[in-house]
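Undergrad: What follows is a single structure, and I will ask about it in a moment.
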Amino acid sequence: MESIPWVAIAPQILPVEHIGATEITCSMDNDFKRRVERNTFLKYENALSPLFEAVMNSIDAIRDANRRPGKIEIDVDRDRSQARLSDDSNPDAYPVKSFTIRDDGIGVTTAHYNAFNMADTAFRADHGGKGVGRFLWLKAFDHAEINSTFVGDDGQRYTRTFDLCLTKQGIERPASQITGPTTPIGTEVKLCNYRMKYQKEVPKPADVIARRLIEHFLRYFVLGIMPTTVILDSGNTYSLQKIFSEEVDQGTQSHSSFTIVGQSFTIHNFLVAHSFQSAHRLYFCSDDQMVLSKPLAGRVHNLGGGSIHHEGNSLMYAGYVSGEYLNTCSNSARTSFDISDDEDSSFGPCWESLVSGAVEQANMFLEPYTKPIKEQKEERIRNFTRNVRPQFRYVVKHRQDLVDTIPPHISDDKLDQELYRINQISDADIRLRQDEFMTALQQGPADWESFRAKYDTFLEEWNESGMAKLAEHVIHRKATLDFLRASIRITESGKYNLEKAVHRLIFPLNATSDDLGPEQMNLWIIDEKLAYHYYLASNKEFRTQEVKIDSQKKPDILIYHGPAALVENEAPFSSITILEFKRPRRDDYTPKDNPVRQICEYIELIKSRKATDRAGRPIPYRKGMRFYAFALCDVTETLRGELSFYGELTPSPDGDGYFGYLKQFDVWIEIMGYDKLVGDAERRNAALFEQLRLPRK
């Protein structure tokens with residue numbers, strides 16, 4: 001691009017009447033310094049906003065001149081005062097000191113200059129002008145120098161110069177003169193000497209500044225109305241149009257309109273190069289200028305945080321939202337919007353409804369790109385619920401709206417958590433609808449046909465929800481048995497786990513049934529009926545249990561079956577079950593640690609009539625109270641030798657246990673090897689495992 005030429009200005013200053021129009025020659029009609037210092041706000045992170053405002057002035061000036069496309073040059077002046085930065089070949093090493101913006105627009109005419117002299121002006125309000133750009137200049141810079149050539153009302157060309165300073169008057173050293181007919185028309189604005197706190201926030205690389213300009217004025221680039229713009233930096237030239245063409249314009253764009261609470265909005269949808277934009281975003285604009293952005297992460301289903309791959313390119317979504325409502329709600333500096341977060345606001349759409357409306361439009365635009373991702377994700381979820389978590393199958397069928405919100409490409413653990421979350425929401429919704437249907441049934445529906453159709457749909461989901469809970473229960477059982485089978489195998493050390501490993505799995509040690517919920521007990525592994533009991537104590541001394549006996553002996557598990565409370569004149573327990581565990585494959589039994597003998601000793605203690613209830617009242621033993629016992633231990637040679645003294649015990653047909661009734665102690669007892677324990681439990685649940693197609697070990 002050919003540089004915009006500028007001529008030196010002669011020192012001759014002409015009277016105002018030579019310009020050919022009435023001109024205000026006085027300073028600002030308000031205290032300019034006070035206005036900037038007290039009433040102008042600019043965050044440090046918005047340090048490029050003054051540059052954006054200056055470029056916007058150039059765009060307006062070119063439009064006013066009816067010149068297309070027009071030219072804008074931006075010179076970057078760097079602060080090279082720090083001697084330690086000696087690499088002159090790398091200008092990015094130095095912070096930006098000043099910007100000079102040149103354009104070939106209409107110039108600072110008399111009308112423009114008069115507006116410039118007014119602290120509050122609506123001169124360019126029809127183009128979205130806020131009249132605050134010059135205030136932002138002095139918020140971030142020490143001063144600004146303006147040099148402009150324009151055509152006066154008399155047809156002659158004039159050159160006007162003045163400085164904008166942080167003084168009460170604002171405009172300093174104004175001057176104007178007639179210039180030659182060949183002097184190029186246009187304006188040069190130099191923003192001089194960044195204030196330090198703002199300078200630190202300005203990106204050093206010129207190409208990054210170029211991309212920030214493209215981002216801010218993207219709509220102008222897309223619509224083809226952006227003047228030809230370059231950045232000149234230490235002999236290097238950066239064409240914004242070239243960067244836009246190579247990195248942004250992917251030929252994938254559209255626009256649509258939508259309405260929120262009676263307010264109309266337009267969204268321009270683009271796919272831009274990943275190198276230009278690192279995340280999918282929505283941009284909200286005021287008067288065609290970007291004001292703030294919102295990330296789309298988690299808002300557009302099946303998009304994820306990764307880029308979109310299209311025709312070999314890695315792309316990100318950018319949606320630019322505009323509308324008169326946004327124009328009127330932006331602040332004077334165009335750095336934020338005064339829009340309520342309250343959904344019940346009477347002043348127009350709240351932020352969430354506006355963002356949600358824009359997200360819906362983005363979803364429609366992105367559907368061709370998200371649909372394949374959605375299909376792959378759904379196939380993965382179907383396989384996951386078919387093979388790993390069948391209890392969640394019904395939510396995939398009935399809550400597709402929630403399943404669609406699951407991010408793609410997450411781990412199996414995260415997917416499990418997401419499906420569990422959806423399952424909880426679905427359960428709550430089913431319970432709510434159950435109450436509604438029950439109420440309707442009691443009152444009698446007004447339209448039975450309509451009610452029946454809805455009720456049938458609800459019953460289908462209700463039944464499948466119940467099946468899902470059963471599936472979860474069955475899967476828990478399968479996993480527990482798999483864990484139990486692993487616990488009774490020989491370890492890498494060549495030894496077997498202690499009996500406590502099995503004990504803990506069936507019921508935690510040093511706990512009672514008052515401490516745990518039913519889901520923490522796996523008594524079903526031994527016998528389903530054991531889950532229904534009055535009181536259970538695990539590895540606790542008799543004297544510390546609710547039913548106290550003055551003894552330090554500790555049955556592995558002692559279970560009382562009987563009444564719901566212990567009060568005087570109430571029948572004693574109907575039965576008692578004792579569980580005793582021994583280490584897998586143990587083969588060193590003696591009469592002292594014979595499990596049958598230990599069980600019988602516990603029974604003798606209970607029959608001793610020394611038991612008391614929680615209030616210290618005696619619990620009498622009555623004839624007819626039944627005892628049941630399970631000794632969980634592998635039948636080895638030494639154990640067979642010990643059991644030979646109990647003639648009432650009969651070997652089981654599979655040779656992996658004994659059973660029988662010991663009349664002396666009034667106890668039905670079963671000695672069960674661990675392989676038999678697991679095998680019997682698996683056979684009892686085999687039909688359920690097969691129904692869910694759970695793999696066999």
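Naming works like this for the structure tokens: A, B, ... for the chains as they're shown, residue 1 at the start of each chain, ligands 1 onward in shown order.
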Sorted by chain and rising residue number, which residues of stretch 199-263 of chain A lie within 7 Å of stretch 61-83 of chain A, and what are their closest atom pairs and distances in Å to one decimal, counting only C-alpha atoms, as CSV?
TA:
```
residue,atom,partner,partner_atom,distance
A:Ile225,CA,A:Pro69,CA,6.8
A:Met226,CA,A:Pro69,CA,7.0
A:Pro227,CA,A:Gly70,CA,4.8
A:Thr228,CA,A:Lys71,CA,4.8
A:Thr229,CA,A:Ile72,CA,4.7
A:Val230,CA,A:Glu73,CA,5.2
A:Ile231,CA,A:Ile74,CA,4.7
A:Leu232,CA,A:Asp75,CA,4.8
A:Asp233,CA,A:Val76,CA,5.1
```
Undergrad: Restricting the calculation to only C-alpha atoms: of A:Tyr646, A:Tyr283, A:Tyr602, A:Phe52, which residue gets closest to A:Leu213?
TA: A:Phe52
Undergrad: Using only C-alpha atoms, find the one residue out of A:Met56, A:Leu292, A:Cys192, A:Ile243 that sits nearest to A:Ala210.
TA: A:Ile243
Undergrad: Write down as JSON, numbers by chain the residues of stretch 358-418 of chain A whose backbone DSSP state falls under helix (DSSP H, G or I).
TA: {"A": [358, 359, 360, 361, 362, 363, 364, 365, 366, 367, 368, 369, 370, 371, 372, 373, 374, 375, 376, 377, 378, 379, 380, 381, 382, 383, 384, 385, 386, 387, 390, 391, 392, 393, 394, 395, 396, 397, 398, 400, 401, 402, 403, 412, 413, 414, 415, 416, 417, 418]}
Undergrad: List as a list in words the protein and nucleic acid residues near A:Ala362, meaning an atom at most 8 Å away when only C-alpha atoms are counted, but skip any in the same chain fewer than 2 places from it.
TA: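 After dropping sequence-adjacent residues, the list is Asn269, Val300, Gly319, Ala358, Val359, Glu360, Met364, Phe365 and Leu366 of chain A.
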Undergrad: Could you name the residues that touch stretch 546-560 of chain A at 9 Å or less, counting only C-alpha atoms, but leaving out those on the same chain fewer than 3 positions away, as a short mmCIF file (atom, residue, chain, number, x, y, z; two decimals) with N, CA, C and O atoms, in the first residue's frame?
TA:
```cif
data_model
loop_
_atom_site.label_atom_id
_atom_site.label_comp_id
_atom_site.auth_asym_id
_atom_site.auth_seq_id
_atom_site.Cartn_x
_atom_site.Cartn_y
_atom_site.Cartn_z
N HIS A 503 -14.42 -60.65 55.61
CA HIS A 503 -15.32 -60.11 56.63
C HIS A 503 -15.75 -58.69 56.27
O HIS A 503 -16.93 -58.35 56.29
N PHE A 507 -19.55 -57.35 55.77
CA PHE A 507 -20.02 -56.33 56.72
C PHE A 507 -18.79 -55.71 57.37
O PHE A 507 -17.90 -56.43 57.85
N LEU A 509 -15.97 -54.16 59.80
CA LEU A 509 -15.58 -54.53 61.16
C LEU A 509 -15.91 -53.40 62.14
O LEU A 509 -15.97 -52.23 61.77
N LEU A 530 -30.69 -62.88 55.72
CA LEU A 530 -29.91 -62.23 56.77
C LEU A 530 -30.04 -60.70 56.73
O LEU A 530 -29.75 -60.02 57.72
N HIS A 533 -33.15 -58.16 59.85
CA HIS A 533 -32.78 -58.48 61.22
C HIS A 533 -33.10 -57.29 62.13
O HIS A 533 -33.31 -56.17 61.66
N TYR A 534 -33.05 -57.57 63.43
CA TYR A 534 -33.28 -56.51 64.42
C TYR A 534 -32.00 -55.77 64.76
O TYR A 534 -31.95 -54.55 64.81
N TYR A 535 -30.93 -56.55 64.95
CA TYR A 535 -29.68 -55.92 65.40
C TYR A 535 -28.52 -56.80 64.96
O TYR A 535 -28.59 -58.03 65.01
N LEU A 536 -27.43 -56.15 64.52
CA LEU A 536 -26.23 -56.86 64.10
C LEU A 536 -25.02 -56.17 64.68
O LEU A 536 -24.92 -54.93 64.65
N ALA A 537 -24.08 -56.98 65.19
CA ALA A 537 -22.82 -56.46 65.70
C ALA A 537 -21.68 -57.20 65.01
O ALA A 537 -21.69 -58.43 64.91
N SER A 538 -20.70 -56.43 64.53
CA SER A 538 -19.58 -57.01 63.78
C SER A 538 -18.27 -56.77 64.53
O SER A 538 -17.86 -55.62 64.73
N ASN A 539 -17.65 -57.89 64.98
CA ASN A 539 -16.34 -57.84 65.64
C ASN A 539 -16.36 -56.94 66.87
O ASN A 539 -15.43 -56.19 67.13
N LYS A 540 -17.45 -57.03 67.64
CA LYS A 540 -17.57 -56.24 68.86
C LYS A 540 -17.74 -57.18 70.06
O LYS A 540 -18.44 -58.20 69.96
N GLU A 541 -17.12 -56.81 71.18
CA GLU A 541 -17.22 -57.63 72.38
C GLU A 541 -18.68 -57.72 72.83
O GLU A 541 -19.45 -56.76 72.67
N PHE A 542 -19.04 -58.85 73.44
CA PHE A 542 -20.41 -59.01 73.94
C PHE A 542 -20.79 -57.86 74.87
O PHE A 542 -21.92 -57.36 74.85
N ARG A 543 -19.85 -57.43 75.70
CA ARG A 543 -20.18 -56.43 76.72
C ARG A 543 -20.38 -55.03 76.15
O ARG A 543 -20.84 -54.13 76.86
N PHE A 573 -35.93 -62.69 71.44
CA PHE A 573 -35.61 -62.81 70.02
C PHE A 573 -36.12 -64.14 69.47
O PHE A 573 -36.04 -65.18 70.13
N SER A 574 -36.59 -64.09 68.25
CA SER A 574 -37.08 -65.31 67.64
C SER A 574 -35.93 -66.22 67.22
O SER A 574 -36.06 -67.45 67.25
N SER A 575 -34.81 -65.63 66.80
CA SER A 575 -33.66 -66.44 66.39
C SER A 575 -32.40 -65.59 66.41
O SER A 575 -32.46 -64.35 66.41
N ILE A 576 -31.27 -66.27 66.40
CA ILE A 576 -29.96 -65.60 66.40
C ILE A 576 -29.08 -66.32 65.39
O ILE A 576 -29.07 -67.56 65.31
N THR A 577 -28.35 -65.53 64.60
CA THR A 577 -27.43 -66.10 63.60
C THR A 577 -26.01 -65.66 63.94
O THR A 577 -25.77 -64.49 64.27
N ILE A 578 -25.07 -66.60 63.86
CA ILE A 578 -23.66 -66.32 64.15
C ILE A 578 -22.84 -66.64 62.90
O ILE A 578 -23.02 -67.70 62.28
N LEU A 579 -21.96 -65.69 62.53
CA LEU A 579 -21.06 -65.90 61.40
C LEU A 579 -19.62 -65.91 61.91
O LEU A 579 -19.24 -65.02 62.69
N GLU A 580 -18.85 -66.88 61.48
CA GLU A 580 -17.45 -66.96 61.88
C GLU A 580 -16.61 -67.13 60.61
O GLU A 580 -16.91 -67.96 59.75
N PHE A 581 -15.55 -66.30 60.49
CA PHE A 581 -14.69 -66.31 59.30
C PHE A 581 -13.31 -66.88 59.66
O PHE A 581 -12.79 -66.62 60.75
N GLN A 598 -15.95 -72.59 68.58
CA GLN A 598 -16.12 -71.17 68.92
C GLN A 598 -17.58 -70.75 68.85
O GLN A 598 -18.08 -70.04 69.72
N ILE A 599 -18.29 -71.23 67.84
CA ILE A 599 -19.71 -70.88 67.69
C ILE A 599 -20.50 -71.43 68.87
O ILE A 599 -21.37 -70.73 69.43
N TYR A 602 -20.15 -69.30 71.94
CA TYR A 602 -20.98 -68.08 71.89
C TYR A 602 -22.42 -68.41 72.26
O TYR A 602 -23.09 -67.65 72.99
N LEU A 605 -22.86 -68.74 75.97
CA LEU A 605 -22.90 -67.43 76.63
C LEU A 605 -24.28 -66.80 76.52
O LEU A 605 -24.81 -66.24 77.49
N ILE A 606 -24.86 -66.88 75.35
CA ILE A 606 -26.18 -66.28 75.14
C ILE A 606 -27.24 -67.00 75.97
O ILE A 606 -28.16 -66.37 76.51
N ARG A 609 -28.31 -66.73 80.42
CA ARG A 609 -29.28 -65.85 81.10
C ARG A 609 -28.61 -64.63 81.71
O ARG A 609 -29.11 -64.06 82.67
N LYS A 610 -27.46 -64.24 81.19
CA LYS A 610 -26.77 -63.06 81.68
C LYS A 610 -26.95 -61.86 80.75
O LYS A 610 -26.38 -60.80 81.00
N ALA A 611 -27.71 -62.02 79.70
CA ALA A 611 -27.89 -60.94 78.74
C ALA A 611 -28.85 -59.89 79.29
O ALA A 611 -29.82 -60.21 79.98
N THR A 612 -28.54 -58.61 78.99
CA THR A 612 -29.41 -57.49 79.39
C THR A 612 -29.69 -56.61 78.19
O THR A 612 -28.93 -56.57 77.21
N ASP A 613 -30.80 -55.88 78.28
CA ASP A 613 -31.14 -54.98 77.18
C ASP A 613 -30.47 -53.63 77.40
O ASP A 613 -29.68 -53.44 78.33
N ARG A 614 -30.81 -52.65 76.55
CA ARG A 614 -30.16 -51.34 76.61
C ARG A 614 -30.43 -50.61 77.92
O ARG A 614 -29.66 -49.73 78.31
N GLY A 616 -30.54 -52.22 80.79
CA GLY A 616 -29.98 -53.02 81.86
C GLY A 616 -30.92 -54.08 82.39
O GLY A 616 -30.63 -54.77 83.36
N ILE A 619 -32.60 -60.22 79.82
CA ILE A 619 -33.32 -60.81 78.70
C ILE A 619 -33.31 -62.31 78.92
O ILE A 619 -32.27 -62.97 78.79
#
```
Undergrad: One number please: atom CA of A:Ser332 to atom CA of A:Glu37, in Å, one decimal.
TA: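 Going from atom CA of A:Ser332 over to atom CA of A:Glu37, I get 14.8 Å.
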Undergrad: Of the candidates A:Lys397, A:His280, A:Arg485, A:Arg34, which one gets nearest to A:Met316 if we count only C-alpha atoms?
TA: A:His280
Undergrad: Atom CA of A:Val202 to atom CA of A:Asn236: how many Å, to one decimal?
TA: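 So the two atoms, atom CA of A:Val202 and atom CA of A:Asn236, lie 18.7 Å apart.
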Undergrad: Rounded to one decimal in Å, what is the spacing between atom CA of A:Glu45 and atom CA of A:Asp287?
TA: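 Interatomic distance, atom CA of A:Glu45 to atom CA of A:Asp287: 21.4 Å.
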Undergrad: What's the 8 Å shell around A:Val635, counting only C-alpha atoms, without same-chain residues fewer than 6 positions away, as an MDAnalysis selection string?
TA: chainID A and resid 585 656:657 672:673
Undergrad: Keeping N, CA, C and O atoms, export the residues of the selection given above as a short mmCIF file (atom, residue, chain, number, x, y, z; two decimals), in the first residue's frame.
TA:
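Listing of part29.cif after writing:
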```cif
data_model
loop_
_atom_site.label_atom_id
_atom_site.label_comp_id
_atom_site.auth_asym_id
_atom_site.auth_seq_id
_atom_site.Cartn_x
_atom_site.Cartn_y
_atom_site.Cartn_z
N ARG A 585 -7.94 -71.08 52.81
CA ARG A 585 -6.97 -72.18 52.69
C ARG A 585 -6.17 -72.42 53.98
O ARG A 585 -5.10 -73.02 53.94
N ASP A 656 -17.32 -79.49 49.51
CA ASP A 656 -16.71 -78.20 49.86
C ASP A 656 -17.33 -77.62 51.12
O ASP A 656 -17.27 -76.42 51.35
N GLY A 657 -17.97 -78.46 51.96
CA GLY A 657 -18.57 -77.95 53.16
C GLY A 657 -19.25 -79.05 53.97
O GLY A 657 -19.26 -80.22 53.59
N MET A 672 -18.96 -73.66 55.19
CA MET A 672 -18.98 -73.35 53.76
C MET A 672 -17.60 -72.88 53.30
O MET A 672 -17.06 -71.90 53.82
N GLY A 673 -17.02 -73.58 52.31
CA GLY A 673 -15.77 -73.13 51.71
C GLY A 673 -15.99 -71.88 50.87
O GLY A 673 -17.11 -71.61 50.39
#
```
